[in-house]
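Peer 1: Got a structure here, written out as structure tokens. Questions coming.
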Amino acid sequence: MVVVVVVVVVVVVVVVVVVVVVVVVVVVVVVVVVVRSMKWPSGGGPVGRWCGRGGEGIMGLVTAAQSVRSAADWIEDMAWHRRMFRQSRFRWVPEDPMSIALAWTRGRLEYQTVADLRFLDARLGELREFASGVDDAMLAPLREAEARCSDEEWQSGLRLVGLAPRDVKVLRYSAPREIVPHRDAARALDGIPIPNPFSQVWELRQVRSMYRAAEDLLEDTFCDLVLELEPARGWVYLADQTQLHTSARTLQQRVQDQRSARGEPGDARRTPVQRYL
């Protein structure tokens, strides 16, 4: 009798363990499916937003259709992309370039001395070098588009993304021999519906415009500080403190260009805005 009871208890324990294991497996599978279906906004990044208009249920059809799209369809797809996302999937607001600028200047807000000028100039140069990685990321899709499109399609596609053939030549000329993947470029290209080279370049251009706005903010601050220091220090001395300028004339031209394009402090042109063609 005791043996029978022991056997029954063992069987019950085994059944309970099996049920628990099955429940755990089911829960884990459900969690994985839910997590993979979620659309994270920017991969944990501090700036920018990846916008959509719903309709996630069509993504399976989109993925299946993308493999049969030809180069001749890319122009239509690019126009559809802009209509679907009301211009672009990647969006940014004025606070985003400001956050980038502050990150690269380590949170500094006040600049008064020649040492501050050197610091600004160095950090601005480093920011521009980093941001150029987004430009470099455009080269692969541009190369594919030029190879597969007719000349007419190539020209039309470039117009849709706001580029001219000479712009592509400049990008190629400026690119380093070895291109390093840019983290925000990768995020911008992840999950684009019906991706093609032109829609990829378009989204990368939005990321680049955000970084360029951050560069402009630091350039404004740099030129404002030059004009504050110039009466006491002179153009020649200040030019010697910068990384690129070898003469007072080139520094003066830099400040004049900034004032012509961006104005003085308080000018509305200094407010970062995401603009489309």
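Here, A, B, ... name the chains of the structure tokens in the order displayed, residue numbers run from 1 inside each chain, and ligands are numbered from 1 in the same displayed order.
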Quick one: residues within 12 Å of Pro165 (chain A), only C-alpha atoms, excluding same-chain residues fewer than 3 positions away - as a compact mmCIF listing (two decimals) with N, CA, C and O atoms, in the first residue's frame?
Peer 2:
# COMPACT_ATOMS: atom_id res chain seq x y z
N LEU A 142 23.62 55.22 -52.93
CA LEU A 142 23.78 56.02 -54.14
C LEU A 142 24.50 55.22 -55.23
O LEU A 142 24.15 55.31 -56.41
N ARG A 143 25.47 54.43 -54.82
CA ARG A 143 26.20 53.60 -55.79
C ARG A 143 25.26 52.56 -56.41
O ARG A 143 25.28 52.33 -57.63
N GLU A 146 22.78 54.40 -58.89
CA GLU A 146 23.41 54.81 -60.15
C GLU A 146 23.68 53.60 -61.04
O GLU A 146 23.54 53.68 -62.26
N ASP A 151 19.79 56.75 -66.86
CA ASP A 151 20.23 58.11 -66.57
C ASP A 151 19.05 58.99 -66.16
O ASP A 151 19.15 59.80 -65.23
N TRP A 154 17.99 58.04 -62.64
CA TRP A 154 19.01 58.52 -61.70
C TRP A 154 18.82 60.01 -61.42
O TRP A 154 18.83 60.43 -60.26
N GLN A 155 18.62 60.80 -62.45
CA GLN A 155 18.42 62.24 -62.27
C GLN A 155 17.14 62.52 -61.50
O GLN A 155 17.11 63.37 -60.60
N SER A 156 16.06 61.80 -61.83
CA SER A 156 14.79 62.02 -61.15
C SER A 156 14.89 61.65 -59.67
O SER A 156 14.36 62.35 -58.80
N GLY A 157 15.54 60.53 -59.39
CA GLY A 157 15.70 60.10 -58.01
C GLY A 157 16.51 61.09 -57.19
O GLY A 157 16.17 61.39 -56.03
N LEU A 158 17.58 61.62 -57.78
CA LEU A 158 18.38 62.61 -57.06
C LEU A 158 17.58 63.86 -56.75
O LEU A 158 17.68 64.44 -55.66
N ARG A 159 16.74 64.30 -57.71
CA ARG A 159 15.92 65.48 -57.46
C ARG A 159 14.95 65.25 -56.30
O ARG A 159 14.70 66.15 -55.50
N VAL A 161 15.40 63.53 -53.67
CA VAL A 161 16.07 63.57 -52.37
C VAL A 161 16.89 64.85 -52.19
O VAL A 161 17.64 64.98 -51.22
N GLY A 162 16.74 65.79 -53.12
CA GLY A 162 17.39 67.09 -52.97
C GLY A 162 18.87 67.10 -53.26
O GLY A 162 19.62 67.91 -52.69
N VAL A 168 26.82 64.40 -55.33
CA VAL A 168 27.28 63.02 -55.18
C VAL A 168 28.79 62.95 -55.37
O VAL A 168 29.50 62.24 -54.65
N LYS A 169 29.31 63.70 -56.33
CA LYS A 169 30.75 63.72 -56.56
C LYS A 169 31.49 64.26 -55.33
O LYS A 169 32.55 63.75 -54.96
N VAL A 170 30.92 65.29 -54.71
CA VAL A 170 31.54 65.86 -53.50
C VAL A 170 31.54 64.84 -52.37
O VAL A 170 32.54 64.69 -51.66
N LEU A 171 30.44 64.13 -52.20
CA LEU A 171 30.36 63.11 -51.16
C LEU A 171 31.43 62.04 -51.37
O LEU A 171 32.11 61.61 -50.42
N ARG A 172 31.59 61.61 -52.62
CA ARG A 172 32.57 60.58 -52.91
C ARG A 172 34.00 61.09 -52.71
O ARG A 172 34.85 60.37 -52.20
Peer 1: I'd like a table as a tab-separated table: residues in region 110-130 of chain A with an atom no more than 10 Å from region 209-215 of chain A, each row giving the shortest atom pair and its distance in Å to one decimal, only C-alpha atoms counted, sorted by chain and rising residue number.
Peer 2:
residue	atom	partner	partner_atom	distance
A:Arg123	CA	A:Glu215	CA	9.8
A:Leu124	CA	A:Glu215	CA	6.6
A:Gly125	CA	A:Glu215	CA	9.0
A:Leu127	CA	A:Glu215	CA	7.1
A:Arg128	CA	A:Glu215	CA	6.8
A:Phe130	CA	A:Tyr211	CA	9.2
Peer 1: Counting only C-alpha atoms, what is within 12 Å of Gln274 (chain A), bar same-chain residues fewer than 5 positions away, as a list in words?
Peer 2: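 My list of contacting residues is Gly48, Gln87, Ser88, Phe90, Arg91, Trp92, Val93, Pro94, Glu95, Asp96, Pro97, Arg205, Gln206, Val207, Arg208, Ser209, Met210, Tyr211, Arg212, Ala213 and Ala214 of chain A.
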Peer 1: Just write the chosen residues, C-alpha atoms, as an mmCIF file, in the first residue's frame.
Peer 2:
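Result saved to out_20.cif:
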data_model
loop_
_atom_site.group_PDB
_atom_site.id
_atom_site.type_symbol
_atom_site.label_atom_id
_atom_site.label_comp_id
_atom_site.auth_asym_id
_atom_site.auth_seq_id
_atom_site.Cartn_x
_atom_site.Cartn_y
_atom_site.Cartn_z
ATOM 1 C CA GLY A 48 15.433 62.259 -33.113
ATOM 2 C CA GLN A 87 7.839 63.865 -45.731
ATOM 3 C CA SER A 88 10.130 61.663 -43.615
ATOM 4 C CA PHE A 90 12.915 60.461 -39.112
ATOM 5 C CA ARG A 91 11.853 63.667 -37.396
ATOM 6 C CA TRP A 92 13.691 66.040 -35.144
ATOM 7 C CA VAL A 93 12.754 69.101 -33.097
ATOM 8 C CA PRO A 94 14.838 72.154 -32.083
ATOM 9 C CA GLU A 95 15.825 70.559 -28.801
ATOM 10 C CA ASP A 96 17.614 67.726 -30.617
ATOM 11 C CA PRO A 97 20.411 69.776 -32.232
ATOM 12 C CA ARG A 205 19.644 63.361 -45.198
ATOM 13 C CA GLN A 206 17.186 64.081 -42.380
ATOM 14 C CA VAL A 207 19.644 62.724 -39.831
ATOM 15 C CA ARG A 208 22.411 64.786 -41.418
ATOM 16 C CA SER A 209 20.289 67.944 -41.268
ATOM 17 C CA MET A 210 19.901 67.444 -37.516
ATOM 18 C CA TYR A 211 23.659 67.221 -37.069
ATOM 19 C CA ARG A 212 24.207 70.171 -39.383
ATOM 20 C CA ALA A 213 21.829 72.231 -37.230
ATOM 21 C CA ALA A 214 23.947 71.343 -34.202
#
Peer 1: Pick out each residue of region 84-211 of chain A that DSSP on the backbone tags as helix (DSSP H, G or I); I need them as a PyMOL selection string.
Peer 2: chain A and resi 84+95-104+114-137+139-148+151-160+165-174+183-189+197-211
Peer 1: Between CA of Met84 (chain A) and CA of Pro195 (chain A), what distance in Å does the model show, to one decimal?
Peer 2: 13.0 Å
Peer 1: Of the candidates A:Ala140, A:Ile100, A:Val236, A:Leu120, which one gets nearest to Phe222 (chain A) if we count only C-alpha atoms?
Peer 2: A:Leu120
Peer 1: Provide the CA of Ser260 (chain A) to CA of Asp224 (chain A) distance in Å, to one decimal place.
Peer 2: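 Pair CA of Ser260 (chain A) / CA of Asp224 (chain A) returns 13.1 Å.
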Peer 1: Considering only C-alpha atoms, state which residue in the set A:Gln253, A:Ser150, A:Thr105, A:Ser174 is at the smallest distance from Asp136 (chain A).
Peer 2: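 Checking each candidate against Asp136 (chain A), we get A:Ser174 as the closest.
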Peer 1: Could you tell me how far CA of Gly133 (chain A) sits from CA of Arg187 (chain A), in Å to one decimal place?
Peer 2: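 Atom-to-atom, CA of Arg187 (chain A) to CA of Gly133 (chain A), that is 13.1 Å.
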Peer 1: Identify which of the residues A:Thr271, A:Gln243, A:Ser199, A:Ser132 lies closest to Asp216 (chain A), counting only C-alpha atoms when measuring atom-to-atom distances.
Peer 2: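 Among the listed residues, the smallest separation from Asp216 (chain A) belongs to A:Thr271.
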Peer 1: Using only C-alpha atoms, which protein or nucleic acid residues come within 9 Å of Ala137 (chain A)? Drop anything in the same chain fewer than 2 positions from it, and give the result as a list in words.
Peer 2: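 Residues near the query, excluding close chain neighbours: Ser132, Gly133, Val134, Asp135, Leu139, Ala140, Pro141, Ile179, Val180, Pro181, His182, Ala185, Ala186, Val201 and Leu204 of chain A.
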Peer 1: Considering only C-alpha atoms, state which residue in the set A:Leu218, A:Ala131, A:Leu163, A:Ala72 is at the smallest distance from Arg183 (chain A).
Peer 2: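 Answer, going by the shortest atom-to-atom distance: A:Ala131.
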Peer 1: Skip Glu110 (chain A) itself and residues of its chain fewer than 4 positions away, then list as JSON, numbers by chain all residues within 10 Å of it, counting only C-alpha atoms.
Peer 2: {"A": [116, 221, 225]}
Peer 1: I'd like the neighbourhood of Leu229 (chain A) as a PyMOL selection string, where a residue qualifies if any of its atoms comes within 12 Å (using only C-alpha atoms), though same-chain residues fewer than 4 positions away should be ignored.
Peer 2: chain A and resi 111-117+222-225+233-239+241
